[in-house]
Structures are given as structure tokens and as C-alpha cells.
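Everything on this sheet refers to the single structure shown next.
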Amino acid sequence: MSEPSADNVGECHKHATSMGRYDNLETLSQEQLLSEKLNTTGNVRIVCISDTHNKAADLIENLPEGDILVHSGDFTFVSSEYEIREFNKFLKDISRKYKHIVVIAGNHDFSFDVNKFDKSGAFMKLFRMYFGFSPFTKCPTVEVSKELLCDGVENCIYLQDESVEIMGIKFYGSPWQPSHFDLGFNAKRGNEIMEKWNNIPNDTDILLTHGPPLGIGDEVIRFGKRVGCYALLKTIQDRIKPKYHVYGHIHEDYGIRRAENTIYINAAMPDAKYNMTHKPVVFDFIK
Ligand SMILES: [Mn+2]
């Protein structure tokens, strides 16, 4: 069976299925995810959240203990300076609870995207949907966005198509997803997005992306439609084989899955209506 056109996501999903890519796919509960990792020493406990969209502070009281907190993008709604400052306040508030914090951007955090920050069209469209927000708040430049995000939070690192090794674990973070509305970090399906994934090192242990791979935690349930990235799925399964892949983006398909030797975590905190109804996901990384 020859590979379908990258734009035909339904056919790509059928193709991936026929290739056996989901044969061992199973859903795990939070309890199962943690129970598998008991009785070992030297574990690093990772707490995963994503898509907090200006509501990260709502989580503070119920954030689980851990060594490293990861946030897989969409901390803002319209990437304004005000929102980034508010998220920075949240990071400051929780910084003593974790040894390290790793953050990537998502499509809503488009002021981090050099091709989007000065194009206010996307901002204004979203602004009209986002009542209660000051119309005088502007998007900062990419440089200022990056400066504001981790300002004064020494144990926080922002990753944008780059790696970092923390506590012996190799992380790679990337904000890209297949084009999805007129926001940030859109790449065309097929070769264009594969070029982004080609930058991921083979030895990555925990991969952070904003968007899901095709077929795993990527279903827009309202429309019965999967929107994940086939190029990312192939990259993960055929080349990187990371122990964990943490993402968000498709809020309503939150959950923990395992296929082959990778655990896939859609850590989106809100549901499709942006209500913060999901729980942070916790796992122990065995070194
Ligand atoms: Mn989101």
C-alpha cells in the first residue's frame, strides 16, 4: 500500500493502521503509569501539564509533587505581554516546588514565533473571542517574549527546537504542529513539518511537542476527526523511540497511552470548552 498524500489525514490514519502502528496501543490510567515504576531507586518524578491558557494559577493548590514540571505549550490565549507576565508569576509561585521547570510554546503563544509576532490579524481575531481582556495589551517581540517567560525563575528553561539534559534525562522541545488556524508554529504536513522533526536527536528520552502524533490523543471528538501529525508518529516510532512523548493541543483527547516502547501523554488541562477539568499527569523516569 503506497503512502497517501500528507494532506489526506484520514487516509494517512488508515495507512498507519494498516502498517500496524497502533497494534499494541493501549490506554493507561494514572495509577497504572505510576505503579509500573515502583521499587526502583534513582527515579526522577515528572509532572506534566499543557494548554493552561491563562488558567495555570487554578492548578497551584493541586499540583503534584515532583522533580521536574513540564508544560507542553499554550500557556497563553493570545500571547500578549500581560499573559506572559501572568504565566511568569505562576512559574515564580511554583518554582520552589520543583527542581526544574521545562516549558515549550504552542500555537496560541505566537509571539514566540518570529513569523507571527508582528502579524496582528491572528491576535485580533482571537481577541474578539476573548472578552474581558484589555484591548491595549500588545504582543511583545520574540526576544521580549522569551525574556519575560522565565524572568527571575532560575530553574526554568524554555525550549524551542532544542535539547537540554536535566538530571541525566535528555529532553527535546518543539512547538510545531500541522497548520491549524492562523496562529503560531504552523508547518505544512509532509516534508515541511518533517524537516522540523528531523532536528530531534535520536537519543531523546522525553520528547515535548505541542501537537500530538497522528492517531494517539489527537481526536477532535466533536468532529470525529483526527488531526495529529503523521510525520511525527513516523519519526517517533521509526527513529527516536523516546521513552515518553508529552504534548497537548487537542484538549478533549487528554490521556495516557502506550504503543511499542513509548508512553504518550496528552497533558492538556482543559476540556474543549477551556474548563480546567483534567489532572496533571505524573510519571517516574527511571535512569
Ligand atoms: Mn490549547
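Naming works like this for the C-alpha cells: A, B, ... for the chains as they're shown, residue 1 at the start of each chain, ligands 1 onward in shown order.
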Contact check, chain A to ligand 1, at most 6 Å, counting only C-alpha atoms and all ligand atoms, closest pairs as a Markdown table:
| residue | atom | partner | partner_atom_place_in_ligand_line | distance |
| --- | --- | --- | --- | --- |
| A:Asp51 | CA | ligand 1 | 1 (Mn) | 4.5 |
| A:Asp74 | CA | ligand 1 | 1 (Mn) | 5.1 |
| A:His249 | CA | ligand 1 | 1 (Mn) | 4.5 |
Selection near segment 187-194 of chain A, 9 Å with only C-alpha atoms, sequence-local residues under 3 positions removed, as a PyMOL selection string: chain A and resi 5-7+176-180+197-199+229-232+235
Find the residues of segment 74-110 of chain A that sit at most 9 Å from segment 159-165 of chain A; for each, write down the nearest two atoms and how far apart they are in Å, to one decimal. Count only C-alpha atoms. Sort by chain, then by number going up, and give it as CSV.
residue,atom,partner,partner_atom,distance
A:Val102,CA,A:Leu159,CA,7.2
A:Val103,CA,A:Leu159,CA,6.3
A:Ile104,CA,A:Leu159,CA,5.3
A:Ala105,CA,A:Gln160,CA,7.4
Taking N, CA and C atoms for each residue, export the selection above as a JSON list (two decimals), in the first residue's frame.
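So selection01.json came out as:
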[["chain", "number", "residue", "atom", "x", "y", "z"],
["A", 102, "VAL", "N", 10.42, 22.90, 32.68],
["A", 102, "VAL", "CA", 10.70, 22.97, 31.24],
["A", 102, "VAL", "C", 9.41, 23.39, 30.53],
["A", 103, "VAL", "N", 9.51, 24.43, 29.70],
["A", 103, "VAL", "CA", 8.32, 24.97, 29.03],
["A", 103, "VAL", "C", 8.58, 25.06, 27.53],
["A", 104, "ILE", "N", 7.58, 24.70, 26.73],
["A", 104, "ILE", "CA", 7.64, 24.99, 25.30],
["A", 104, "ILE", "C", 6.42, 25.86, 24.95],
["A", 105, "ALA", "N", 6.43, 26.45, 23.76],
["A", 105, "ALA", "CA", 5.29, 27.26, 23.31],
["A", 105, "ALA", "C", 4.33, 26.39, 22.53]]
Show which residues sit within 6 Å of Ile101 of chain A, as a JSON list (two decimals) with N, CA and C atoms, in the first residue's frame. Count only C-alpha atoms, and ignore same-chain residues fewer than 5 positions away.
[["chain", "number", "residue", "atom", "x", "y", "z"],
["A", 68, "ILE", "N", 10.62, 17.47, 38.25],
["A", 68, "ILE", "CA", 10.62, 18.33, 37.06],
["A", 68, "ILE", "C", 9.17, 18.53, 36.60],
["A", 69, "LEU", "N", 8.79, 19.79, 36.41],
["A", 69, "LEU", "CA", 7.49, 20.11, 35.83],
["A", 69, "LEU", "C", 7.70, 20.43, 34.35],
["A", 70, "VAL", "N", 6.88, 19.83, 33.50],
["A", 70, "VAL", "CA", 6.94, 20.18, 32.07],
["A", 70, "VAL", "C", 5.60, 20.75, 31.63],
["A", 156, "CYS", "N", 13.93, 27.51, 35.50],
["A", 156, "CYS", "CA", 13.02, 27.32, 34.36],
["A", 156, "CYS", "C", 13.76, 27.46, 33.06]]
Which is closer to Lys225 of chain A than all the others in A:Ala16, A:Ile250, A:Leu207, A:Ile240, using only C-alpha atoms?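 Using only C-alpha atoms, Lys225 of chain A sits closest to A:Ile250.
One finds atom CA of Asn62 of chain A at 24.5 Å from atom CA of His108 of chain A.
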Identify all residues of segment 40-232 of chain A in strand (DSSP E) (DSSP on the backbone) and supply them as a PyMOL selection string. chain A and resi 43-49+68-71+100-103+156-158+162-166+169-174+177-178+186-187+206-209+219-220+225-226
Can you pull out the residues contacting Leu149 of chain A? Cut-off 12 Å, using only C-alpha atoms, and skip same-chain residues under 3 positions away; I want them as JSON, numbers by chain. {"A": [75, 76, 79, 80, 81, 82, 83, 84, 85, 86, 87, 88, 89, 90, 91, 92, 101, 102, 103, 104, 105, 109, 111, 112, 140, 142, 143, 144, 145, 146, 152, 153, 154, 156, 157, 158, 159]}
Please write the residues from the selection above to a file, keeping C-alpha atoms, as a short mmCIF file (atom, residue, chain, number, x, y, z; two decimals), in the first residue's frame.
data_model
loop_
_atom_site.label_atom_id
_atom_site.label_comp_id
_atom_site.auth_asym_id
_atom_site.auth_seq_id
_atom_site.Cartn_x
_atom_site.Cartn_y
_atom_site.Cartn_z
CA PHE A 75 0.22 28.89 28.36
CA THR A 76 -1.48 31.99 26.90
CA SER A 79 0.33 35.69 23.50
CA SER A 80 0.16 39.21 24.91
CA GLU A 81 2.76 40.66 27.24
CA TYR A 82 0.20 40.68 30.05
CA GLU A 83 -0.49 36.96 29.69
CA ILE A 84 3.19 36.02 29.52
CA ARG A 85 3.82 38.07 32.67
CA GLU A 86 0.93 36.31 34.42
CA PHE A 87 2.33 32.91 33.44
CA ASN A 88 5.75 34.01 34.66
CA LYS A 89 4.13 34.85 38.03
CA PHE A 90 2.73 31.31 38.14
CA LEU A 91 6.20 29.90 37.39
CA LYS A 92 7.64 32.02 40.20
CA ILE A 101 10.70 23.51 35.00
CA VAL A 102 10.70 22.97 31.24
CA VAL A 103 8.32 24.97 29.03
CA ILE A 104 7.64 24.99 25.30
CA ALA A 105 5.29 27.26 23.31
CA ASP A 109 1.85 31.53 22.15
CA SER A 111 4.60 35.96 19.91
CA PHE A 112 7.39 33.36 20.26
CA PRO A 140 5.79 41.52 22.60
CA VAL A 142 10.06 37.19 20.13
CA GLU A 143 13.07 38.39 22.15
CA VAL A 144 10.95 40.10 24.79
CA SER A 145 8.57 37.11 24.95
CA LYS A 146 11.46 34.77 25.71
CA GLY A 152 13.51 35.62 37.65
CA VAL A 153 12.79 31.86 37.60
CA GLU A 154 16.27 30.40 37.62
CA CYS A 156 13.02 27.32 34.36
CA ILE A 157 14.11 26.67 30.79
CA TYR A 158 12.26 27.43 27.56
CA LEU A 159 12.92 25.03 24.68
#
Measuring between only C-alpha atoms, which one of A:Ile256, A:Ile46, A:Ala56, A:Ile265 shows the shortest distance to Tyr98 of chain A?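 Ranking A:Ile256, A:Ile46, A:Ala56, A:Ile265 by distance to Tyr98 of chain A, first place goes to A:Ile46.
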Would you list the contacts of Thr262 of chain A as an MDAnalysis selection string, taking every protein, DNA or RNA residue within 9 Å and counting only C-alpha atoms, but skipping same-chain residues closer than 6 positions in sequence? chainID A and resid 236:237 241:245
Store the residues of this selection in a file with C-alpha atoms, as a PDB file, in the first residue's frame.
ATOM      1  CA  ILE A 236       8.886   8.701  16.958  1.00  0.00           C
ATOM      2  CA  GLN A 237       8.235   5.079  16.026  1.00  0.00           C
ATOM      3  CA  LYS A 241      11.696   5.785  20.112  1.00  0.00           C
ATOM      4  CA  PRO A 242      11.642   8.106  23.144  1.00  0.00           C
ATOM      5  CA  LYS A 243      10.518   6.658  26.458  1.00  0.00           C
ATOM      6  CA  TYR A 244       7.919   9.423  26.788  1.00  0.00           C
ATOM      7  CA  HIS A 245       6.215  11.875  24.470  1.00  0.00           C
TER       8      HIS A 245
END
DSSP on the backbone: which residues in segment 4-71 of chain A end up as alpha helix (DSSP H)? Give the answer as an mmCIF file with C-alpha atoms, in the first residue's frame.
data_model
loop_
_atom_site.group_PDB
_atom_site.id
_atom_site.type_symbol
_atom_site.label_atom_id
_atom_site.label_comp_id
_atom_site.auth_asym_id
_atom_site.auth_seq_id
_atom_site.Cartn_x
_atom_site.Cartn_y
_atom_site.Cartn_z
ATOM 1 C CA VAL A 9 -5.202 12.852 7.200
ATOM 2 C CA GLY A 10 -7.972 10.230 7.191
ATOM 3 C CA GLU A 11 -6.124 8.144 4.612
ATOM 4 C CA CYS A 12 -2.846 8.628 6.489
ATOM 5 C CA HIS A 13 -4.520 7.258 9.608
ATOM 6 C CA LYS A 14 -5.781 4.226 7.666
ATOM 7 C CA HIS A 15 -2.307 3.737 6.247
ATOM 8 C CA ALA A 16 -0.701 3.949 9.689
ATOM 9 C CA THR A 17 -3.267 1.420 10.961
ATOM 10 C CA SER A 18 -2.549 -0.969 8.080
ATOM 11 C CA GLN A 30 -2.593 7.468 36.092
ATOM 12 C CA GLU A 31 -2.375 4.667 38.689
ATOM 13 C CA GLN A 32 -1.048 2.166 36.120
ATOM 14 C CA LEU A 33 1.500 4.683 34.875
ATOM 15 C CA LEU A 34 2.929 5.132 38.356
ATOM 16 C CA SER A 35 2.612 1.556 39.621
#
Sort by chain and increasing residue number a table of all residues of segment 60-170 of chain A within 10 Å of segment 211-223 of chain A, each with its closest pair of atoms and their distance in Å to one decimal, counting only C-alpha atoms, and write it as a tab-separated table.
residue	atom	partner	partner_atom	distance
A:Ser72	CA	A:Gly211	CA	8.6
A:Gly73	CA	A:Gly211	CA	8.9
A:Gly106	CA	A:Gly211	CA	8.0
A:Asn107	CA	A:Gly211	CA	8.9
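Considering the residues A:Arg258, A:Val78, A:Pro280, A:Ser174 and counting only C-alpha atoms, Asn54 of chain A has its shortest atom-to-atom contact with A:Val78.
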With only C-alpha atoms as the atoms that count, which of A:Ile94, A:Val227, A:Ala57, A:Ala267 lies nearest to Lys279 of chain A? A:Ala267
For a test of reading the model, state the distance in Å between atom CA of Ser95 of chain A and atom CA of Asp271 of chain A, rounded to one decimal.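 A separation of 25.8 Å between them.
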